[in-house]
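Taking it in order: structure first as C-alpha cells, then the write-up.
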Amino acid sequence: DEDMQTDESRWKSISEGLADMYQALRDFVSSYQQRVEDCMTDALWAVMDKFELYWGQCLVDTLRQLHRLRYANNA
C-alpha cells in the first residue's frame with residue numbers, strides 16, 4: 001500500500017525502478033554497439049517486449065512516486 005510507505009521505502013522503490021530500466025536500456029545499447037544485424041533485431045524485440053511486460057509499468061510507477069515526493073508538501 002503506497003499510503004503506508006515511508007519516504008525511505010519510496011526512495012528505495014524509485015532507485016530499484018530506475019536501475020531496472022537502466023539495465024534494460026543498457027543491454028539494448030550494448031547489443032546495438034556490436035553492429036550485427038541479427039543481434040540488433042533481437043535486442044530491439046527484447047527491449048520492446050520487456051517494456052510491454054515489465055518496465056513500462058515500472059516507469060509509470062516510478063514517475064508517480066517521484067511526483068508524490070516532490071509535490072506532497074505543497075498540498
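By order of appearance in the C-alpha cells: chains A, B, ..., then residues from 1 within every chain, and ligands from 1 in the order shown.
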
Query - Selection: 12 Å around segment 36-52 of chain A, only C-alpha atoms, excl. self and same-chain fewer than 6 positions, as a list in words - result: Asp20, Met21, Tyr22, Gln23, Ala24, Leu25, Arg26, Asp27, Phe28, Val29, Ser30, Cys58, Leu59 and Val60 of chain A

Hey, can you spit out that residue selection with N, CA and C atoms as an mmCIF file, in the first residue's frame?
data_model
loop_
_atom_site.group_PDB
_atom_site.id
_atom_site.type_symbol
_atom_site.label_atom_id
_atom_site.label_comp_id
_atom_site.auth_asym_id
_atom_site.auth_seq_id
_atom_site.Cartn_x
_atom_site.Cartn_y
_atom_site.Cartn_z
ATOM 1 N N ASP A 20 16.402 -0.921 -12.805
ATOM 2 C CA ASP A 20 15.849 -1.927 -13.725
ATOM 3 C C ASP A 20 15.705 -1.359 -15.135
ATOM 4 N N MET A 21 15.217 -0.142 -15.233
ATOM 5 C CA MET A 21 15.056 0.481 -16.552
ATOM 6 C C MET A 21 16.417 0.741 -17.194
ATOM 7 N N TYR A 22 17.363 1.214 -16.401
ATOM 8 C CA TYR A 22 18.708 1.474 -16.923
ATOM 9 C C TYR A 22 19.322 0.189 -17.479
ATOM 10 N N GLN A 23 19.179 -0.913 -16.734
ATOM 11 C CA GLN A 23 19.779 -2.172 -17.168
ATOM 12 C C GLN A 23 19.180 -2.646 -18.488
ATOM 13 N N ALA A 24 17.878 -2.552 -18.637
ATOM 14 C CA ALA A 24 17.233 -2.976 -19.886
ATOM 15 C C ALA A 24 17.711 -2.125 -21.058
ATOM 16 N N LEU A 25 17.805 -0.822 -20.847
ATOM 17 C CA LEU A 25 18.260 0.063 -21.922
ATOM 18 C C LEU A 25 19.753 -0.114 -22.197
ATOM 19 N N ARG A 26 20.529 -0.367 -21.162
ATOM 20 C CA ARG A 26 21.968 -0.586 -21.347
ATOM 21 C C ARG A 26 22.214 -1.865 -22.152
ATOM 22 N N ASP A 27 21.464 -2.926 -21.852
ATOM 23 C CA ASP A 27 21.575 -4.170 -22.626
ATOM 24 C C ASP A 27 21.246 -3.923 -24.096
ATOM 25 N N PHE A 28 20.215 -3.128 -24.330
ATOM 26 C CA PHE A 28 19.801 -2.793 -25.691
ATOM 27 C C PHE A 28 20.917 -2.043 -26.427
ATOM 28 N N VAL A 29 21.463 -1.031 -25.793
ATOM 29 C CA VAL A 29 22.518 -0.233 -26.420
ATOM 30 C C VAL A 29 23.763 -1.075 -26.664
ATOM 31 N N SER A 30 24.111 -1.918 -25.716
ATOM 32 C CA SER A 30 25.286 -2.785 -25.880
ATOM 33 C C SER A 30 25.129 -3.697 -27.086
ATOM 34 N N CYS A 58 6.764 -0.119 -14.699
ATOM 35 C CA CYS A 58 7.748 0.314 -13.704
ATOM 36 C C CYS A 58 8.052 1.805 -13.884
ATOM 37 N N LEU A 59 8.167 2.249 -15.114
ATOM 38 C CA LEU A 59 8.415 3.657 -15.418
ATOM 39 C C LEU A 59 7.278 4.531 -14.893
ATOM 40 N N VAL A 60 6.057 4.124 -15.164
ATOM 41 C CA VAL A 60 4.890 4.890 -14.712
ATOM 42 C C VAL A 60 4.832 4.931 -13.183
#

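Take atom CA of Ser31 of chain A and atom CA of Tyr54 of chain A: the distance between them is 19.7 Å.
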
Residues of chain A in alpha helix (DSSP H) according to DSSP, as an mmCIF file with N, CA and C atoms, in the first residue's frame?
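Saved as result_3.cif:
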data_model
loop_
_atom_site.group_PDB
_atom_site.id
_atom_site.type_symbol
_atom_site.label_atom_id
_atom_site.label_comp_id
_atom_site.auth_asym_id
_atom_site.auth_seq_id
_atom_site.Cartn_x
_atom_site.Cartn_y
_atom_site.Cartn_z
ATOM 1 N N ASP A 7 9.148 7.521 3.444
ATOM 2 C CA ASP A 7 9.942 8.177 2.403
ATOM 3 C C ASP A 7 11.138 7.320 2.016
ATOM 4 N N GLU A 8 11.744 6.654 2.998
ATOM 5 C CA GLU A 8 12.901 5.797 2.706
ATOM 6 C C GLU A 8 12.515 4.639 1.796
ATOM 7 N N SER A 9 11.395 4.003 2.054
ATOM 8 C CA SER A 9 10.974 2.886 1.201
ATOM 9 C C SER A 9 10.565 3.375 -0.181
ATOM 10 N N ARG A 10 10.030 4.591 -0.266
ATOM 11 C CA ARG A 10 9.699 5.154 -1.578
ATOM 12 C C ARG A 10 10.967 5.392 -2.381
ATOM 13 N N TRP A 11 11.995 5.969 -1.738
ATOM 14 C CA TRP A 11 13.256 6.219 -2.454
ATOM 15 C C TRP A 11 13.896 4.912 -2.879
ATOM 16 N N LYS A 12 13.791 3.873 -2.046
ATOM 17 C CA LYS A 12 14.334 2.567 -2.416
ATOM 18 C C LYS A 12 13.588 2.017 -3.623
ATOM 19 N N SER A 13 12.281 2.144 -3.632
ATOM 20 C CA SER A 13 11.463 1.686 -4.749
ATOM 21 C C SER A 13 11.828 2.444 -6.031
ATOM 22 N N ILE A 14 12.026 3.747 -5.893
ATOM 23 C CA ILE A 14 12.391 4.571 -7.047
ATOM 24 C C ILE A 14 13.753 4.151 -7.583
ATOM 25 N N SER A 15 14.713 3.964 -6.700
ATOM 26 C CA SER A 15 16.057 3.598 -7.152
ATOM 27 C C SER A 15 16.068 2.222 -7.809
ATOM 28 N N GLU A 16 15.307 1.289 -7.283
ATOM 29 C CA GLU A 16 15.224 -0.032 -7.909
ATOM 30 C C GLU A 16 14.567 0.048 -9.281
ATOM 31 N N GLY A 17 13.517 0.848 -9.387
ATOM 32 C CA GLY A 17 12.848 1.010 -10.671
ATOM 33 C C GLY A 17 13.762 1.626 -11.710
ATOM 34 N N LEU A 18 14.482 2.673 -11.329
ATOM 35 C CA LEU A 18 15.412 3.313 -12.260
ATOM 36 C C LEU A 18 16.546 2.370 -12.653
ATOM 37 N N ALA A 19 17.030 1.590 -11.702
ATOM 38 C CA ALA A 19 18.099 0.630 -12.004
ATOM 39 C C ALA A 19 17.620 -0.438 -12.983
ATOM 40 N N ASP A 20 16.402 -0.921 -12.805
ATOM 41 C CA ASP A 20 15.849 -1.927 -13.725
ATOM 42 C C ASP A 20 15.705 -1.359 -15.135
ATOM 43 N N MET A 21 15.217 -0.142 -15.233
ATOM 44 C CA MET A 21 15.056 0.481 -16.552
ATOM 45 C C MET A 21 16.417 0.741 -17.194
ATOM 46 N N TYR A 22 17.363 1.214 -16.401
ATOM 47 C CA TYR A 22 18.708 1.474 -16.923
ATOM 48 C C TYR A 22 19.322 0.189 -17.479
ATOM 49 N N GLN A 23 19.179 -0.913 -16.734
ATOM 50 C CA GLN A 23 19.779 -2.172 -17.168
ATOM 51 C C GLN A 23 19.180 -2.646 -18.488
ATOM 52 N N ALA A 24 17.878 -2.552 -18.637
ATOM 53 C CA ALA A 24 17.233 -2.976 -19.886
ATOM 54 C C ALA A 24 17.711 -2.125 -21.058
ATOM 55 N N LEU A 25 17.805 -0.822 -20.847
ATOM 56 C CA LEU A 25 18.260 0.063 -21.922
ATOM 57 C C LEU A 25 19.753 -0.114 -22.197
ATOM 58 N N ARG A 26 20.529 -0.367 -21.162
ATOM 59 C CA ARG A 26 21.968 -0.586 -21.347
ATOM 60 C C ARG A 26 22.214 -1.865 -22.152
ATOM 61 N N ASP A 27 21.464 -2.926 -21.852
ATOM 62 C CA ASP A 27 21.575 -4.170 -22.626
ATOM 63 C C ASP A 27 21.246 -3.923 -24.096
ATOM 64 N N PHE A 28 20.215 -3.128 -24.330
ATOM 65 C CA PHE A 28 19.801 -2.793 -25.691
ATOM 66 C C PHE A 28 20.917 -2.043 -26.427
ATOM 67 N N VAL A 29 21.463 -1.031 -25.793
ATOM 68 C CA VAL A 29 22.518 -0.233 -26.420
ATOM 69 C C VAL A 29 23.763 -1.075 -26.664
ATOM 70 N N SER A 30 24.111 -1.918 -25.716
ATOM 71 C CA SER A 30 25.286 -2.785 -25.880
ATOM 72 C C SER A 30 25.129 -3.697 -27.086
ATOM 73 N N SER A 31 23.947 -4.229 -27.276
ATOM 74 C CA SER A 31 23.704 -5.098 -28.431
ATOM 75 C C SER A 31 23.806 -4.319 -29.738
ATOM 76 N N TYR A 32 23.320 -3.097 -29.741
ATOM 77 C CA TYR A 32 23.401 -2.270 -30.948
ATOM 78 C C TYR A 32 24.836 -1.867 -31.269
ATOM 79 N N GLN A 33 25.658 -1.721 -30.264
ATOM 80 C CA GLN A 33 27.042 -1.335 -30.491
ATOM 81 C C GLN A 33 27.833 -2.421 -31.213
ATOM 82 N N GLU A 37 23.483 -7.283 -37.445
ATOM 83 C CA GLU A 37 22.061 -7.060 -37.715
ATOM 84 C C GLU A 37 21.155 -8.002 -36.938
ATOM 85 N N ASP A 38 21.512 -9.279 -36.850
ATOM 86 C CA ASP A 38 20.676 -10.222 -36.095
ATOM 87 C C ASP A 38 20.612 -9.847 -34.614
ATOM 88 N N CYS A 39 21.743 -9.443 -34.059
ATOM 89 C CA CYS A 39 21.771 -9.025 -32.649
ATOM 90 C C CYS A 39 20.943 -7.763 -32.441
ATOM 91 N N MET A 40 21.021 -6.856 -33.391
ATOM 92 C CA MET A 40 20.265 -5.612 -33.283
ATOM 93 C C MET A 40 18.766 -5.878 -33.331
ATOM 94 N N THR A 41 18.360 -6.765 -34.219
ATOM 95 C CA THR A 41 16.945 -7.119 -34.325
ATOM 96 C C THR A 41 16.457 -7.783 -33.053
ATOM 97 N N ASP A 42 17.251 -8.725 -32.541
ATOM 98 C CA ASP A 42 16.879 -9.413 -31.303
ATOM 99 C C ASP A 42 16.820 -8.439 -30.125
ATOM 100 N N ALA A 43 17.763 -7.507 -30.075
ATOM 101 C CA ALA A 43 17.790 -6.536 -28.983
ATOM 102 C C ALA A 43 16.570 -5.625 -29.034
ATOM 103 N N LEU A 44 16.197 -5.210 -30.228
ATOM 104 C CA LEU A 44 15.017 -4.362 -30.373
ATOM 105 C C LEU A 44 13.760 -5.096 -29.926
ATOM 106 N N TRP A 45 13.625 -6.351 -30.347
ATOM 107 C CA TRP A 45 12.476 -7.144 -29.926
ATOM 108 C C TRP A 45 12.470 -7.314 -28.411
ATOM 109 N N ALA A 46 13.631 -7.601 -27.831
ATOM 110 C CA ALA A 46 13.712 -7.846 -26.384
ATOM 111 C C ALA A 46 13.351 -6.597 -25.582
ATOM 112 N N VAL A 47 13.859 -5.425 -25.993
ATOM 113 C CA VAL A 47 13.564 -4.210 -25.229
ATOM 114 C C VAL A 47 12.084 -3.825 -25.371
ATOM 115 N N MET A 48 11.506 -4.042 -26.535
ATOM 116 C CA MET A 48 10.073 -3.768 -26.706
ATOM 117 C C MET A 48 9.237 -4.720 -25.863
ATOM 118 N N ASP A 49 9.630 -5.987 -25.836
ATOM 119 C CA ASP A 49 8.916 -6.991 -25.049
ATOM 120 C C ASP A 49 9.012 -6.676 -23.557
ATOM 121 N N LYS A 50 10.220 -6.344 -23.088
ATOM 122 C CA LYS A 50 10.407 -6.015 -21.674
ATOM 123 C C LYS A 50 9.644 -4.743 -21.294
ATOM 124 N N GLY A 56 7.749 -0.794 -18.605
ATOM 125 C CA GLY A 56 6.849 0.301 -18.960
ATOM 126 C C GLY A 56 5.990 0.684 -17.761
ATOM 127 N N GLN A 57 5.432 -0.310 -17.095
ATOM 128 C CA GLN A 57 4.654 -0.058 -15.874
ATOM 129 C C GLN A 57 5.565 0.428 -14.754
ATOM 130 N N CYS A 58 6.764 -0.119 -14.699
ATOM 131 C CA CYS A 58 7.748 0.314 -13.704
ATOM 132 C C CYS A 58 8.052 1.805 -13.884
ATOM 133 N N LEU A 59 8.167 2.249 -15.114
ATOM 134 C CA LEU A 59 8.415 3.657 -15.418
ATOM 135 C C LEU A 59 7.278 4.531 -14.893
ATOM 136 N N VAL A 60 6.057 4.124 -15.164
ATOM 137 C CA VAL A 60 4.890 4.890 -14.712
ATOM 138 C C VAL A 60 4.832 4.931 -13.183
ATOM 139 N N ASP A 61 5.081 3.792 -12.543
ATOM 140 C CA ASP A 61 5.061 3.741 -11.083
ATOM 141 C C ASP A 61 6.152 4.617 -10.476
ATOM 142 N N THR A 62 7.326 4.602 -11.079
ATOM 143 C CA THR A 62 8.436 5.412 -10.587
ATOM 144 C C THR A 62 8.137 6.902 -10.734
ATOM 145 N N LEU A 63 7.583 7.280 -11.864
ATOM 146 C CA LEU A 63 7.206 8.683 -12.057
ATOM 147 C C LEU A 63 6.135 9.113 -11.063
ATOM 148 N N ARG A 64 5.200 8.229 -10.765
ATOM 149 C CA ARG A 64 4.150 8.534 -9.784
ATOM 150 C C ARG A 64 4.775 8.781 -8.407
ATOM 151 N N GLN A 65 5.724 7.930 -8.036
ATOM 152 C CA GLN A 65 6.399 8.096 -6.751
ATOM 153 C C GLN A 65 7.166 9.418 -6.699
ATOM 154 N N LEU A 66 7.893 9.727 -7.770
ATOM 155 C CA LEU A 66 8.647 10.976 -7.815
ATOM 156 C C LEU A 66 7.720 12.188 -7.713
ATOM 157 N N HIS A 67 6.589 12.115 -8.392
ATOM 158 C CA HIS A 67 5.612 13.206 -8.350
ATOM 159 C C HIS A 67 5.083 13.392 -6.932
ATOM 160 N N ARG A 68 4.740 12.292 -6.283
ATOM 161 C CA ARG A 68 4.217 12.388 -4.915
ATOM 162 C C ARG A 68 5.246 12.959 -3.957
ATOM 163 N N LEU A 69 6.495 12.505 -4.085
ATOM 164 C CA LEU A 69 7.534 13.012 -3.198
ATOM 165 C C LEU A 69 7.790 14.501 -3.425
ATOM 166 N N ARG A 70 7.744 14.918 -4.664
ATOM 167 C CA ARG A 70 8.030 16.322 -4.980
ATOM 168 C C ARG A 70 6.897 17.245 -4.529
ATOM 169 N N TYR A 71 5.662 16.839 -4.727
ATOM 170 C CA TYR A 71 4.546 17.740 -4.501
ATOM 171 C C TYR A 71 3.711 17.416 -3.266
#
